[in-house]
>>> print(open('target_38.txt').read())   # compact mmCIF, C-alpha atoms and all ligand atoms
# COMPACT_ATOMS: atom_id res chain seq x y z
CA MET A 1 0.00 0.00 0.00
CA CYS A 2 1.29 3.43 -0.86
CA VAL A 3 1.58 5.89 2.01
CA PRO A 4 1.45 9.37 0.45
CA ALA A 5 3.42 10.97 3.30
CA LEU A 6 6.31 8.64 2.57
CA PRO A 7 6.65 8.61 -1.21
CA HIS A 8 9.98 6.72 -1.08
CA ALA A 9 8.40 3.84 0.85
CA CYS A 10 6.22 2.59 -2.01
CA MET A 11 6.62 2.06 -5.76
CA LEU A 12 6.80 5.78 -6.47
CA PRO A 13 10.53 6.36 -6.02
CA HIS A 14 11.51 4.71 -9.30
CA ALA A 15 9.00 6.73 -11.32
CA GLU A 16 10.02 9.79 -9.33
CA PHE A 17 13.72 9.09 -9.85
CA ILE A 18 13.18 8.63 -13.60
CA ALA A 19 11.20 11.88 -13.79
CA LYS A 20 13.88 13.76 -11.82
CA ALA A 21 16.75 12.20 -13.80
CA SER A 22 15.17 13.51 -17.00
CA GLN A 23 15.61 17.02 -15.56
CA LEU A 24 19.39 16.61 -15.38
CA LYS A 25 20.99 20.03 -14.96
CA ILE A 26 24.45 20.69 -16.30
CA GLN A 27 26.60 23.48 -14.91
CA LEU A 28 29.91 23.51 -16.73
CA ALA A 29 33.19 24.40 -15.03
CA GLU A 30 34.37 27.87 -16.02
CA THR A 31 37.97 26.86 -16.36
CA LEU A 32 38.99 23.36 -17.27
CA LYS A 33 41.96 21.71 -15.56
CA PRO A 34 44.99 20.68 -17.62
CA VAL A 35 44.90 16.96 -18.44
CA PRO A 36 48.19 15.41 -17.29
CA PRO A 37 49.95 13.07 -19.71
CA PRO A 38 49.12 9.38 -19.13
CA GLY A 39 51.68 7.61 -17.02
CA THR A 40 52.38 10.64 -14.81
CA TYR A 41 49.77 9.87 -12.15
CA THR A 42 48.87 7.00 -9.87
CA PHE A 43 45.48 5.33 -9.39
CA GLY A 44 42.72 7.59 -8.13
CA ASP A 45 44.65 10.81 -7.46
CA ILE A 46 43.48 13.03 -10.30
CA LYS A 47 39.84 14.01 -10.59
CA THR A 48 38.18 15.33 -13.72
CA ASP A 49 36.39 18.68 -14.04
CA HIS A 50 32.86 17.60 -13.16
CA MET A 51 30.84 15.36 -10.89
CA LEU A 52 27.24 14.17 -10.82
CA VAL A 53 25.29 14.84 -7.63
CA MET A 54 21.76 14.18 -6.44
CA SER A 55 20.25 14.10 -2.99
CA PHE A 56 17.36 12.42 -1.24
CA ASP A 57 15.34 13.53 1.73
CA PRO A 58 12.09 12.16 3.09
CA ALA A 59 10.09 15.33 2.41
CA ASN A 60 11.14 15.89 -1.20
CA GLY A 61 12.40 12.50 -2.36
CA TRP A 62 15.15 12.61 -4.98
CA SER A 63 16.40 15.94 -6.26
CA ALA A 64 17.02 16.51 -9.97
CA PRO A 65 20.58 15.33 -10.71
CA GLU A 66 23.21 17.93 -11.38
CA ILE A 67 26.46 17.70 -13.27
CA LYS A 68 28.59 20.45 -11.80
CA PRO A 69 32.22 21.41 -11.23
CA TYR A 70 34.12 18.88 -9.09
CA GLY A 71 34.52 20.17 -5.56
CA PRO A 72 33.95 19.62 -1.84
CA LEU A 73 30.61 18.44 -0.48
CA ALA A 74 29.05 20.21 2.49
CA ILE A 75 27.51 17.77 4.96
CA ASP A 76 26.46 18.07 8.58
CA PRO A 77 29.14 16.79 11.01
CA SER A 78 26.52 14.55 12.63
CA SER A 79 25.72 12.90 9.30
CA ASN A 80 24.89 9.22 9.59
CA CYS A 81 27.69 8.27 7.14
CA LEU A 82 30.36 10.02 9.23
CA GLN A 83 29.19 8.29 12.41
CA TYR A 84 27.94 4.88 11.27
CA ALA A 85 29.63 4.32 7.91
CA THR A 86 26.54 4.30 5.69
CA ASN A 87 28.84 4.53 2.68
CA ILE A 88 28.40 2.35 -0.40
CA PHE A 89 30.17 2.60 -3.72
CA GLU A 90 30.82 1.13 -7.14
CA GLY A 91 33.87 0.94 -9.36
CA MET A 92 33.53 0.92 -13.13
CA LYS A 93 35.69 1.92 -16.05
CA ALA A 94 35.20 3.61 -19.41
CA PHE A 95 37.67 2.73 -22.16
CA MET A 96 38.24 4.41 -25.51
CA GLY A 97 36.08 2.57 -28.03
CA PRO A 98 36.89 2.14 -31.72
CA SER A 99 34.56 5.02 -32.66
CA GLY A 100 36.55 7.43 -30.47
CA LYS A 101 33.78 7.46 -27.85
CA PRO A 102 34.15 6.20 -24.27
CA GLN A 103 32.66 2.80 -23.70
CA LEU A 104 31.55 1.21 -20.40
CA PHE A 105 31.77 -2.52 -19.61
CA ARG A 106 28.59 -4.19 -18.28
CA PRO A 107 27.55 -1.01 -16.40
CA GLN A 108 24.05 -2.41 -15.77
CA ALA A 109 25.72 -4.94 -13.48
CA ASN A 110 27.32 -2.12 -11.49
CA MET A 111 23.95 -0.39 -11.17
CA ALA A 112 22.33 -3.63 -9.99
CA ARG A 113 25.09 -4.14 -7.41
CA LEU A 114 24.75 -0.54 -6.18
CA SER A 115 21.01 -1.14 -5.81
CA SER A 116 21.60 -4.24 -3.76
CA SER A 117 24.13 -2.37 -1.57
CA ALA A 118 21.62 0.46 -1.04
CA ALA A 119 18.92 -2.02 -0.02
CA ARG A 120 21.22 -3.82 2.44
CA MET A 121 22.39 -0.47 3.89
CA ALA A 122 18.80 0.81 4.26
CA LEU A 123 19.57 3.70 1.89
CA PRO A 124 16.88 4.93 -0.52
CA PRO A 125 16.30 3.01 -3.78
CA PHE A 126 16.96 4.57 -7.17
CA ASP A 127 16.24 3.66 -10.78
CA GLU A 128 19.24 1.82 -12.25
CA ASP A 129 18.68 2.73 -15.92
CA ALA A 130 18.02 6.39 -15.17
CA LEU A 131 21.18 6.66 -13.06
CA LEU A 132 23.19 4.91 -15.78
CA THR A 133 21.90 7.42 -18.35
CA CYS A 134 23.16 10.29 -16.16
CA ILE A 135 26.53 8.54 -15.73
CA THR A 136 26.97 8.03 -19.47
CA LYS A 137 26.35 11.76 -19.95
CA LEU A 138 28.97 12.60 -17.32
CA VAL A 139 31.48 10.24 -18.95
CA ALA A 140 30.78 11.64 -22.42
CA LEU A 141 31.35 15.15 -21.02
CA GLU A 142 34.69 14.09 -19.49
CA SER A 143 35.95 12.18 -22.53
CA ARG A 144 38.88 14.59 -23.10
CA TRP A 145 40.38 13.00 -19.93
CA LEU A 146 40.35 9.51 -21.44
CA PRO A 147 43.77 8.60 -22.85
CA ALA A 148 43.68 6.79 -26.19
CA GLU A 149 46.44 4.35 -25.07
CA SER A 150 45.35 0.76 -24.63
CA GLY A 151 44.95 -0.21 -20.96
CA HIS A 152 44.15 3.37 -19.91
CA SER A 153 40.66 4.33 -18.82
CA LEU A 154 38.42 6.59 -16.80
CA TYR A 155 37.65 5.02 -13.44
CA ILE A 156 34.15 5.96 -12.33
CA ARG A 157 33.20 5.93 -8.68
CA PRO A 158 29.44 6.11 -7.97
CA THR A 159 29.02 6.67 -4.23
CA MET A 160 26.01 6.88 -1.93
CA ILE A 161 26.25 8.16 1.63
CA GLY A 162 23.68 8.45 4.40
CA THR A 163 23.33 12.12 5.35
CA LYS A 164 20.60 12.04 8.00
CA PRO A 165 21.77 14.83 10.30
CA THR A 166 21.54 13.10 13.67
CA ILE A 167 23.83 10.99 15.80
CA LYS A 168 20.89 8.77 16.73
CA VAL A 169 21.75 5.20 15.69
CA GLY A 170 19.47 4.09 12.89
CA ALA A 171 18.89 3.98 9.17
CA SER A 172 19.57 7.14 7.18
CA ASP A 173 16.51 8.47 5.37
CA HIS A 174 18.64 11.24 3.86
CA ALA A 175 21.24 10.43 1.22
CA LEU A 176 23.65 11.93 -1.24
CA LEU A 177 24.35 10.05 -4.45
CA TYR A 178 27.35 11.30 -6.38
CA VAL A 179 29.65 10.11 -9.11
CA ILE A 180 33.27 11.17 -9.57
CA VAL A 181 35.66 10.31 -12.36
CA THR A 182 39.41 9.80 -12.37
CA PRO A 183 41.77 8.98 -15.26
CA VAL A 184 43.78 5.81 -14.59
CA GLY A 185 46.53 3.84 -16.25
CA PRO A 186 47.22 0.13 -15.71
CA TYR A 187 46.86 -0.49 -11.96
CA PHE A 188 50.35 -1.90 -11.56
CA PRO A 189 52.76 0.29 -13.54
CA THR A 190 54.77 -1.74 -16.01
CA PRO A 191 58.45 -1.00 -16.63
CA PRO A 192 59.08 0.35 -20.14
CA GLY A 193 59.32 -2.41 -22.69
CA GLU A 194 57.52 -4.98 -20.53
CA SER A 195 54.18 -6.37 -21.63
CA LEU A 196 51.15 -5.83 -19.40
CA HIS A 197 51.12 -9.61 -19.09
CA ALA A 198 54.29 -9.33 -17.02
CA GLN A 199 52.41 -7.92 -14.04
CA SER A 200 52.19 -10.04 -10.94
CA VAL A 201 51.83 -9.57 -7.21
CA SER A 202 52.69 -11.54 -4.09
CA LEU A 203 50.15 -12.32 -1.38
CA LEU A 204 50.39 -13.05 2.31
CA ALA A 205 47.70 -15.48 3.44
CA VAL A 206 46.36 -14.14 6.71
CA SER A 207 44.10 -15.98 9.12
CA GLU A 208 44.06 -13.91 12.30
CA HIS A 209 42.15 -11.14 10.57
CA VAL A 210 39.17 -11.96 8.40
CA ARG A 211 37.66 -9.71 5.72
CA SER A 212 34.20 -11.19 5.84
CA TRP A 213 32.22 -13.96 7.50
CA PRO A 214 28.98 -15.90 7.00
CA GLY A 215 26.04 -13.59 7.53
CA GLY A 216 28.32 -10.53 7.24
CA THR A 217 28.51 -7.87 4.57
CA GLY A 218 31.55 -9.00 2.53
CA GLY A 219 29.30 -9.52 -0.49
CA TYR A 220 28.54 -5.78 -0.75
CA LYS A 221 30.66 -2.83 -1.80
CA PHE A 222 30.47 -1.09 1.57
CA GLY A 223 33.23 1.30 2.63
CA LEU A 224 33.25 -0.42 6.03
CA ASN A 225 34.53 -3.66 4.48
CA TYR A 226 37.84 -2.09 3.45
CA SER A 227 39.27 0.04 6.28
CA PRO A 228 39.75 -2.92 8.69
CA GLY A 229 42.05 -4.41 6.04
CA PHE A 230 44.55 -1.55 6.14
CA VAL A 231 46.51 -2.77 9.18
CA PRO A 232 46.88 -6.37 7.90
CA GLN A 233 47.82 -4.90 4.49
CA GLN A 234 50.57 -2.83 6.12
CA ALA A 235 51.78 -5.89 8.02
CA ALA A 236 51.90 -7.91 4.78
CA ALA A 237 53.83 -5.09 3.09
CA LYS A 238 56.37 -5.09 5.97
CA LEU A 239 56.97 -8.78 5.33
CA GLY A 240 57.52 -8.06 1.63
CA TYR A 241 54.12 -9.07 0.23
CA ASP A 242 52.02 -6.82 -1.99
CA GLN A 243 48.53 -7.78 -0.81
CA VAL A 244 46.65 -9.90 1.70
CA LEU A 245 45.12 -13.23 0.76
CA TRP A 246 42.02 -13.24 2.94
CA LEU A 247 41.16 -16.55 4.54
CA LEU A 248 38.15 -17.70 6.50
CA ASP A 249 37.68 -20.80 8.61
CA ALA A 250 33.98 -21.31 8.20
CA GLY A 251 34.10 -24.05 10.84
CA GLN A 252 33.20 -26.87 8.50
CA GLY A 253 36.37 -28.86 9.10
CA ALA A 254 38.12 -27.78 5.90
CA GLY A 255 40.39 -25.34 7.77
CA ASP A 256 41.16 -21.93 6.35
CA LEU A 257 39.47 -21.27 3.05
CA VAL A 258 40.67 -18.79 0.45
CA THR A 259 38.19 -15.95 -0.01
CA GLU A 260 39.70 -12.96 -1.85
CA ALA A 261 43.03 -11.36 -2.69
CA GLY A 262 43.18 -7.75 -1.48
CA ALA A 263 40.11 -6.25 -3.17
CA MET A 264 40.13 -8.74 -6.04
CA ASN A 265 38.47 -12.07 -6.64
CA PHE A 266 40.88 -15.00 -6.61
CA ALA A 267 41.28 -18.00 -8.91
CA ALA A 268 43.73 -20.91 -8.98
CA VAL A 269 44.43 -23.21 -11.93
CA PHE A 270 45.26 -26.86 -11.22
CA GLU A 271 46.52 -29.41 -13.70
CA GLY A 272 44.98 -32.87 -13.56
CA ALA A 273 46.76 -36.17 -14.26
CA ASP A 274 45.35 -36.11 -17.80
CA GLY A 275 46.75 -32.64 -18.48
CA ALA A 276 43.32 -30.95 -18.32
CA LEU A 277 43.10 -27.73 -16.32
CA THR A 278 40.64 -26.89 -13.56
CA VAL A 279 40.04 -23.24 -12.72
CA VAL A 280 38.79 -22.93 -9.14
CA THR A 281 37.32 -19.83 -7.55
CA PRO A 282 35.40 -19.57 -4.25
CA PRO A 283 31.59 -19.55 -4.56
CA LEU A 284 29.38 -16.49 -3.99
CA ASP A 285 28.25 -17.54 -0.50
CA GLY A 286 27.89 -13.99 0.84
CA THR A 287 31.52 -13.72 2.00
CA ILE A 288 32.80 -13.01 -1.53
CA LEU A 289 32.23 -9.77 -3.43
CA PRO A 290 30.32 -10.77 -6.58
CA GLY A 291 32.81 -9.27 -9.01
CA ILE A 292 31.72 -8.39 -12.53
CA THR A 293 35.20 -9.28 -13.80
CA ARG A 294 34.88 -12.64 -11.99
CA ASP A 295 31.52 -13.30 -13.62
CA SER A 296 32.82 -12.23 -17.04
CA ALA A 297 35.90 -14.44 -16.71
CA LEU A 298 33.81 -17.47 -15.67
CA THR A 299 31.38 -16.87 -18.53
CA LEU A 300 34.21 -16.67 -21.08
CA LEU A 301 35.90 -19.78 -19.67
CA ARG A 302 32.61 -21.70 -19.86
CA THR A 303 31.73 -20.57 -23.40
CA PRO A 304 33.31 -22.87 -26.00
CA GLY A 305 35.52 -20.90 -28.37
CA ALA A 306 35.30 -17.62 -26.43
CA LEU A 307 39.03 -17.66 -25.59
CA PRO A 308 40.83 -18.55 -28.85
CA SER A 309 44.28 -18.98 -27.27
CA LEU A 310 42.88 -21.74 -25.03
CA SER A 311 40.95 -23.53 -27.77
CA SER A 312 43.16 -26.63 -27.59
CA THR A 313 43.21 -26.74 -23.77
CA ARG A 314 40.62 -28.75 -21.85
CA ILE A 315 39.32 -26.52 -19.05
CA THR A 316 36.77 -27.12 -16.31
CA VAL A 317 35.54 -24.30 -14.11
CA GLU A 318 34.62 -24.92 -10.50
CA GLU A 319 33.04 -22.50 -8.07
CA ARG A 320 33.75 -24.25 -4.81
CA VAL A 321 35.46 -23.82 -1.48
CA LEU A 322 39.23 -23.67 -1.82
CA PRO A 323 41.20 -24.60 1.31
CA VAL A 324 44.52 -22.76 1.42
CA ALA A 325 46.09 -26.14 2.24
CA GLU A 326 45.08 -27.30 -1.26
CA LEU A 327 47.37 -24.62 -2.70
CA SER A 328 50.35 -25.92 -0.74
CA THR A 329 49.57 -29.55 -1.57
CA ALA A 330 49.26 -28.74 -5.28
CA HIS A 331 52.42 -26.64 -5.14
CA ALA A 332 54.31 -29.57 -3.58
CA ALA A 333 52.88 -31.95 -6.21
CA GLY A 334 53.76 -29.56 -9.04
CA THR A 335 50.12 -29.25 -10.17
CA LEU A 336 49.49 -25.61 -9.18
CA ARG A 337 49.83 -23.98 -12.58
CA GLU A 338 48.54 -20.43 -12.05
CA CYS A 339 46.94 -18.13 -9.53
CA PHE A 340 45.47 -14.78 -10.51
CA GLY A 341 43.31 -11.97 -9.19
CA VAL A 342 40.50 -10.29 -11.15
CA GLY A 343 38.72 -6.97 -10.72
CA THR A 344 37.84 -3.77 -12.57
CA ALA A 345 40.91 -1.93 -11.25
CA VAL A 346 43.45 -4.57 -12.33
CA ASN A 347 41.61 -6.51 -15.05
CA VAL A 348 43.63 -9.70 -14.42
CA VAL A 349 46.86 -9.86 -12.45
CA GLY A 350 49.20 -12.81 -11.93
CA ILE A 351 50.05 -13.99 -8.43
CA ASP A 352 53.64 -15.19 -8.32
CA ARG A 353 54.00 -16.07 -4.62
CA ILE A 354 51.73 -16.75 -1.68
CA GLY A 355 53.24 -16.65 1.80
CA ILE A 356 51.41 -18.95 4.16
CA ALA A 357 51.87 -18.00 7.77
CA SER A 358 52.04 -20.55 10.53
CA LEU A 359 48.35 -20.68 11.20
CA ARG A 360 47.38 -18.68 14.26
CA ALA A 361 51.00 -18.61 15.46
CA GLY A 362 50.58 -14.89 15.88
CA GLU A 363 47.85 -15.28 18.47
CA GLY A 364 48.53 -12.99 21.41
CA GLU A 365 51.41 -11.40 19.56
CA GLY A 366 49.44 -8.89 17.60
CA LEU A 367 50.47 -8.88 14.00
CA LYS A 368 53.65 -10.93 14.31
CA VAL A 369 53.14 -13.53 11.66
CA LYS A 370 55.73 -16.14 10.81
CA VAL A 371 55.77 -17.16 7.18
CA VAL A 372 56.46 -20.87 7.12
CA GLU A 373 55.97 -21.58 3.47
CA ASP A 374 55.98 -19.79 0.13
CA VAL A 375 53.78 -21.27 -2.54
CA SER A 376 54.48 -20.32 -6.16
CA PRO A 377 52.45 -21.36 -9.17
CA SER A 378 54.62 -22.91 -11.86
CA SER A 379 53.72 -20.12 -14.28
CA GLY A 380 56.20 -17.94 -12.33
CA LYS A 381 56.11 -14.15 -12.72
CA GLY A 382 53.40 -12.52 -14.78
CA LEU A 383 50.29 -14.15 -16.12
CA GLY A 384 50.10 -17.82 -17.10
CA PRO A 385 48.21 -18.98 -20.20
CA VAL A 386 44.73 -18.86 -18.61
CA GLY A 387 45.23 -15.44 -17.01
CA ARG A 388 46.73 -14.13 -20.23
CA ALA A 389 43.82 -15.38 -22.36
CA LEU A 390 41.40 -13.65 -19.97
CA TRP A 391 43.45 -10.46 -19.85
CA ASP A 392 43.53 -10.23 -23.66
CA MET A 393 39.86 -11.01 -24.23
CA LEU A 394 38.57 -8.80 -21.40
CA LEU A 395 40.64 -5.86 -22.64
CA ASP A 396 39.53 -6.49 -26.24
CA LEU A 397 35.90 -6.44 -25.07
CA LYS A 398 36.38 -3.35 -22.91
CA GLU A 399 38.13 -1.48 -25.72
CA GLY A 400 35.56 -2.63 -28.27
CA ARG A 401 37.87 -4.74 -30.46
CA SER A 402 35.66 -7.78 -29.76
CA GLU A 403 31.99 -8.19 -28.94
CA PHE A 404 30.37 -10.59 -26.50
CA GLY A 405 26.94 -10.60 -24.93
CA GLY A 406 26.23 -6.90 -25.54
CA TRP A 407 28.59 -6.09 -22.65
CA GLY A 408 29.92 -2.83 -24.11
CA VAL A 409 27.87 0.37 -23.69
CA VAL A 410 28.96 3.47 -25.61
CA CYS A 411 28.68 6.84 -23.80
CA GLU A 412 27.30 9.68 -25.88
C1 LIG A 501 35.17 -4.48 -6.36
C2 LIG A 501 35.73 -5.70 -5.76
C3 LIG A 501 36.05 -6.83 -6.51
C4 LIG A 501 35.99 -6.84 -8.01
O1 LIG A 501 34.73 -6.59 -8.53
P1 LIG A 501 34.60 -6.10 -10.05
O2 LIG A 501 33.15 -5.93 -10.24
O3 LIG A 501 35.19 -7.17 -10.88
O4 LIG A 501 35.39 -4.85 -10.14
C5 LIG A 501 36.47 -7.98 -5.85
N1 LIG A 501 36.60 -8.01 -4.51
C6 LIG A 501 36.33 -6.95 -3.75
C7 LIG A 501 36.47 -7.06 -2.29
C8 LIG A 501 35.89 -5.76 -4.35
O5 LIG A 501 35.64 -4.69 -3.60
>>> encode(input="target_38.txt", output="structure tokens")
Amino acid sequence: MCVPALPHACMLPHAEFIAKASQLKIQLAETLKPVPPPGTYTFGDIKTDHMLVMSFDPANGWSAPEIKPYGPLAIDPSSNCLQYATNIFEGMKAFMGPSGKPQLFRPQANMARLSSSAARMALPPFDEDALLTCITKLVALESRWLPAESGHSLYIRPTMIGTKPTIKVGASDHALLYVIVTPVGPYFPTPPGESLHAQSVSLLAVSEHVRSWPGGTGGYKFGLNYSPGFVPQQAAAKLGYDQVLWLLDAGQGAGDLVTEAGAMNFAAVFEGADGALTVVTPPLDGTILPGITRDSALTLLRTPGALPSLSSTRITVEERVLPVAELSTAHAAGTLRECFGVGTAVNVVGIDRIGIASLRAGEGEGLKVKVVEDVSPSSGKGLGPVGRALWDMLLDLKEGRSEFGGWGVVCE
């Protein structure tokens, strides 16, 4: 039943959001910033000239969206998001398409994931298609920031924060939805002359800190899922590892299970006695972020002929629990061929070494972890054949050189 006093509590908000989105206002920046040459900045530092902003409050519902000059937001210091972390976000990229126009990759999936995050965070719903239309207009407006070089892109960060101005604990019925854009190169800078395939990172498998747990919120892009990882990340870096391999003992007798690598989904490739390969990635049980790159990679691996360089390789894909002990066993047996991480920021990155700490040895000693074993896939540094095939095809799809499933969306 629709309660007129609370328009956002019934079916109205989508119609209202669509109506408001059609009134998009554009206020152009008076002076445009210089666009720095690609390769001179690191991930996320440089912001483009404009941002998209809209707000929600219970009396007025959604405001008309505005594209306006990039700049600070003014929010009340008691805002729900500043006190209780009602912050959700998305990460998507626009690449230069063959027609010279920016092109997004499966952006509907990002909108759907943002919707699901908003629902779980008790933030107001929005219309996914109408928001995407506003985002494509913002990206088209910022296209002078998009380098033409392959592997470069505009990283787009839709964000929603709860702005109810009270320190009372509870859901935020006020929100700000905004989208900012930043030009990015390949996530891991590649030395001159080296192929992007040469990228790889090392991981420290950590069990005394967990990223997510059954019934928790690890399956959503919530800001609060990331900050508790900073201390373990710093500890891993001190021990000479690039990222954390997050483990979780779900108490089912299998010991510590692999969940994710840093903020990427994780996959391992095992070779069977018959030479066939099995790609294993943990299942979407609520503790794993349902990555769009993960889904795309699995879809390509499962579609006969979709990855030409693997056409003569027999590959099975398994979404199942992956005990970290299985990595060491396979390493010892010589059957661990590849490990890689996938995500929008990195595309696909090789994992050349996984440090496995003595499990729970650090208990009572804070972050003192003793690495007892280093596991390395036999593919060594850089991407192995499976990771490489995925890297190539995903980048071809993102840059519009290949077509699959209507995944590319041109911004105009
Ligand atoms: C965003 C994210 C990923 C990757 O998701 P994509 O949709 O592929 O970018 C994986 N793990 C975590 C924890 C993430 O935040």
>>> closest_atom_pairs(input="target_38.txt", of="chain A", to="ligand LIG 501 (chain A)", cutoff="8 Å", atoms="all atoms listed in the file", output="CSV")
residue,atom,partner,partner_atom,distance
A:Glu90,CA,A:LIG501,C1,7.1
A:Gly91,CA,A:LIG501,O4,6.0
A:Met92,CA,A:LIG501,O4,6.8
A:Asn110,CA,A:LIG501,O2,7.1
A:Gly218,CA,A:LIG501,C7,7.2
A:Gly219,CA,A:LIG501,C7,7.8
A:Tyr220,CA,A:LIG501,O5,7.7
A:Lys221,CA,A:LIG501,O5,5.6
A:Asn225,CA,A:LIG501,C7,7.8
A:Tyr226,CA,A:LIG501,C7,7.7
A:Glu260,CA,A:LIG501,N1,6.4
A:Ala261,CA,A:LIG501,N1,7.5
A:Gly262,CA,A:LIG501,C7,6.8
A:Ala263,CA,A:LIG501,C7,3.8
A:Met264,CA,A:LIG501,C5,3.7
A:Asn265,CA,A:LIG501,C5,4.6
A:Ile288,CA,A:LIG501,N1,7.0
A:Leu289,CA,A:LIG501,N1,4.8
A:Pro290,CA,A:LIG501,O1,6.4
A:Gly291,CA,A:LIG501,O1,3.3
A:Ile292,CA,A:LIG501,O2,3.7
A:Thr293,CA,A:LIG501,O3,3.6
A:Arg294,CA,A:LIG501,O3,5.6
A:Asp295,CA,A:LIG501,O3,7.7
A:Val342,CA,A:LIG501,O3,6.2
A:Gly343,CA,A:LIG501,O3,3.5
A:Thr344,CA,A:LIG501,O4,3.6
A:Ala345,CA,A:LIG501,O4,6.3
A:Asn347,CA,A:LIG501,O3,7.7
>>> atom_distance(input="target_38.txt", atom1="atom CA of Gly39 of chain A", atom2="atom CA of Ile156 of chain A")
18.2 Å
>>> atom_distance(input="target_38.txt", atom1="atom CA of Asp127 of chain A", atom2="atom CA of Ala140 of chain A")
20.3 Å
>>> residues_around(input="target_38.txt", residues="segment 202-211 of chain A", least_positions_apart="4", cutoff="10 Å", atoms="only C-alpha atoms", output="ChimeraX atom specification")
/A:216-218,225-229,231-233,235-237,239-249,256-263,287-288,324,350-363,366-367,369,371,374-376,381
>>> atom_distance(input="target_38.txt", atom1="atom CA of Gly272 of chain A", atom2="atom CA of Glu373 of chain A")
23.2 Å
>>> residues_around(input="target_38.txt", residues="Ala175 of chain A", least_positions_apart="4", cutoff="10 Å", atoms="all atoms listed in the file", output="number ranges by chain")
A: 54-58, 61-62, 79-81, 86-87, 123-124, 160-164
>>> residues_around(input="target_38.txt", residues="Arg302 of chain A", least_positions_apart="6", cutoff="12 Å", atoms="only C-alpha atoms", output="ChimeraX atom specification")
/A:278-279,295-296,310-311,314-319,390
>>> write_last_selection(input="target_38.txt", atoms="C-alpha atoms", output="CSV table (one decimal), keeping the file's coordinate frame")
chain,number,residue,atom,x,y,z
A,278,THR,CA,40.6,-26.9,-13.6
A,279,VAL,CA,40.0,-23.2,-12.7
A,295,ASP,CA,31.5,-13.3,-13.6
A,296,SER,CA,32.8,-12.2,-17.0
A,310,LEU,CA,42.9,-21.7,-25.0
A,311,SER,CA,41.0,-23.5,-27.8
A,314,ARG,CA,40.6,-28.8,-21.8
A,315,ILE,CA,39.3,-26.5,-19.0
A,316,THR,CA,36.8,-27.1,-16.3
A,317,VAL,CA,35.5,-24.3,-14.1
A,318,GLU,CA,34.6,-24.9,-10.5
A,319,GLU,CA,33.0,-22.5,-8.1
A,390,LEU,CA,41.4,-13.6,-20.0
>>> residues_around(input="target_38.txt", residues="Tyr41 of chain A", least_positions_apart="3", cutoff="12 Å", atoms="only C-alpha atoms", output="list in words")
Val35, Pro36, Pro37, Pro38, Gly44, Asp45, Ile46, Lys47, His152, Thr182, Pro183, Val184, Gly185, Pro186, Tyr187, Phe188 and Pro189 of chain A
>>> write_last_selection(input="target_38.txt", atoms="C-alpha atoms", output="short mmCIF file (atom, residue, chain, number, x, y, z; two decimals), in the coordinates of the input")
data_model
loop_
_atom_site.label_atom_id
_atom_site.label_comp_id
_atom_site.auth_asym_id
_atom_site.auth_seq_id
_atom_site.Cartn_x
_atom_site.Cartn_y
_atom_site.Cartn_z
CA VAL A 35 44.90 16.96 -18.44
CA PRO A 36 48.19 15.41 -17.29
CA PRO A 37 49.95 13.07 -19.71
CA PRO A 38 49.12 9.38 -19.13
CA GLY A 44 42.72 7.59 -8.13
CA ASP A 45 44.65 10.81 -7.46
CA ILE A 46 43.48 13.03 -10.30
CA LYS A 47 39.84 14.01 -10.59
CA HIS A 152 44.15 3.37 -19.91
CA THR A 182 39.41 9.80 -12.37
CA PRO A 183 41.77 8.98 -15.26
CA VAL A 184 43.78 5.81 -14.59
CA GLY A 185 46.53 3.84 -16.25
CA PRO A 186 47.22 0.13 -15.71
CA TYR A 187 46.86 -0.49 -11.96
CA PHE A 188 50.35 -1.90 -11.56
CA PRO A 189 52.76 0.29 -13.54
#
>>> residues_around(input="target_38.txt", residues="segment 66-71 of chain A", least_positions_apart="5", cutoff="7 Å", atoms="all atoms listed in the file", output="list of chain:residue names")
A:Leu24, A:Lys25, A:Ile26, A:Gln27, A:Leu28, A:Ala29, A:Asp49, A:His50, A:Met51, A:Leu52, A:Val53, A:Met54, A:Leu138
>>> write_last_selection(input="target_38.txt", atoms="C-alpha atoms", output="compact mmCIF listing (two decimals), in the coordinates of the input")
# COMPACT_ATOMS: atom_id res chain seq x y z
CA LEU A 24 19.39 16.61 -15.38
CA LYS A 25 20.99 20.03 -14.96
CA ILE A 26 24.45 20.69 -16.30
CA GLN A 27 26.60 23.48 -14.91
CA LEU A 28 29.91 23.51 -16.73
CA ALA A 29 33.19 24.40 -15.03
CA ASP A 49 36.39 18.68 -14.04
CA HIS A 50 32.86 17.60 -13.16
CA MET A 51 30.84 15.36 -10.89
CA LEU A 52 27.24 14.17 -10.82
CA VAL A 53 25.29 14.84 -7.63
CA MET A 54 21.76 14.18 -6.44
CA LEU A 138 28.97 12.60 -17.32
>>> axis_aligned_box(input="target_38.txt", around="segment 71-78 of chain A", padding_each_side="3 Å", output="lines of an AutoDock Vina configuration file")
center_x = 30.5
center_y = 17.4
center_z = 3.5
size_x = 14.1
size_y = 11.7
size_z = 24.2
